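Visitor: Next up is a structure, given as structure tokens.
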Amino acid sequence: MQALATILVAIVAIEHVYILILEMVLWTTPRGLRAFGMTPAQAEATKVLAANQGLYNGFLAAGLFWALLHPDPAFAWQIKLFFLGAVLVAGLYGGATASRKIFVIQALPAAVALAAVLIAG
């Protein structure tokens with residue numbers, strides 16, 4: 001179960017690196033427009049806000065990678081719980097306020113990874 005938990009945490013971390021790239025680099029490109037369902041004008045008007053969001057997603061990813069690499073298993077477990085909890089709360093808030101698909105894209109993977117980490121202990 002520990003291996004599965006580690007894989008799930010890594011997937012959530014990688015997903016947030018991808019979100020960082022979407023929000024900080026690709027926001028005004030066709031890929032970014034499709035991902036967030038925006039017009040070019042909307043994307044241009046919000047690109048600074050999106051870059052800020054992307055930076056926060058990068059911090060979440062960095063915290064999860066830190067947890068995966070930390071040499072003290074007990075402290076690494078605590079870091080995983082904290083950052084997966086932060087991702088889950090962000091996903092729940094985003095799903096409730098911005099787009100329901102965030103429940104599936106962000107909150108659900110975090111919840112599954114969090115459950116796996118708790119079960120693996």
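Letters for chains follow the order of the structure tokens (A, B, ...), residue numbers begin at 1 for each chain, and ligand numbers begin at 1 in the order shown.
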Identify, on the basis of only C-alpha atoms, every residue whose closest approach to A:Glu44 does not exceed 12 Å; exclude the query and any residue fewer than 5 positions from it along the same chain; express the result as a PyMOL selection string.
Guide: chain A and resi 23+26-29+32-33+38-39+49-51
Visitor: Determine, counting only C-alpha atoms, which protein, DNA and RNA residues have an atom within 9 Å of an atom of stretch 73-78 of chain A; residues of the same chain fewer than 5 positions away are not included. Present the result as a list of chain:residue names.
Guide: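 Near stretch 73-78 of chain A, the qualifying residues are A:Trp66, A:Ala67, A:Leu68, A:Phe83, A:Val117, A:Leu118, A:Gly121.
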Visitor: Looking only at the backbone, which of the residues in stretch 8-73 of chain A does DSSP tag as helix (DSSP H, G or I), as an MDAnalysis selection string?
Guide: chainID A and resid 8:24 30:36 40:69 73
Visitor: How many Å lie between atom CA of A:Glu15 and atom CA of A:Pro71, rounded to one decimal?
Guide: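 These atoms are spaced 23.2 Å apart.
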Visitor: Within 9 Å of A:Met1, counting only C-alpha atoms, which residues qualify if same-chain residues fewer than 6 places away don't, as number ranges by chain?
Guide: A: 116-117, 119-120
Visitor: Given only C-alpha atoms as the basis, pick out the residue of A:Ala62, A:Leu20, A:Ala35, A:Ile11 nearest to A:Ile79.
Guide: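 Distance minimum relative to A:Ile79 lands on A:Ala62.
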Visitor: Have a look at atom CA of A:Val25 and atom CA of A:Lys47 and let me know their distance in Å, one decimal.
Guide: 9.3 Å
Visitor: Let me make sure I understand: among A:Met24, A:Ala115, A:Leu88, A:Asp72, which one has the smallest atom-to-atom distance to A:Phe103 if we use only C-alpha atoms?
Guide: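 Among the listed residues, A:Leu88 lies closest to A:Phe103.
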Visitor: Might you pull out every residue within 9 Å of A:Leu114, with only C-alpha atoms counted and same-chain residues fewer than 3 positions away left off, and present them as a list in words?
Guide: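 My list of contacting residues is Ala5, Leu8, Val9, Lys80, Leu81, Leu84, Gly85, Leu88, Pro109, Ala110, Ala111, Val117, Leu118 and Ile119 of chain A.
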Visitor: Please provide the set of residues having any atom within 10 Å of A:Gly58, restricted to only C-alpha atoms, with same-chain residues fewer than 6 positions apart removed, written as a ChimeraX atom specification.
Guide: /A:13-21,24,52,64
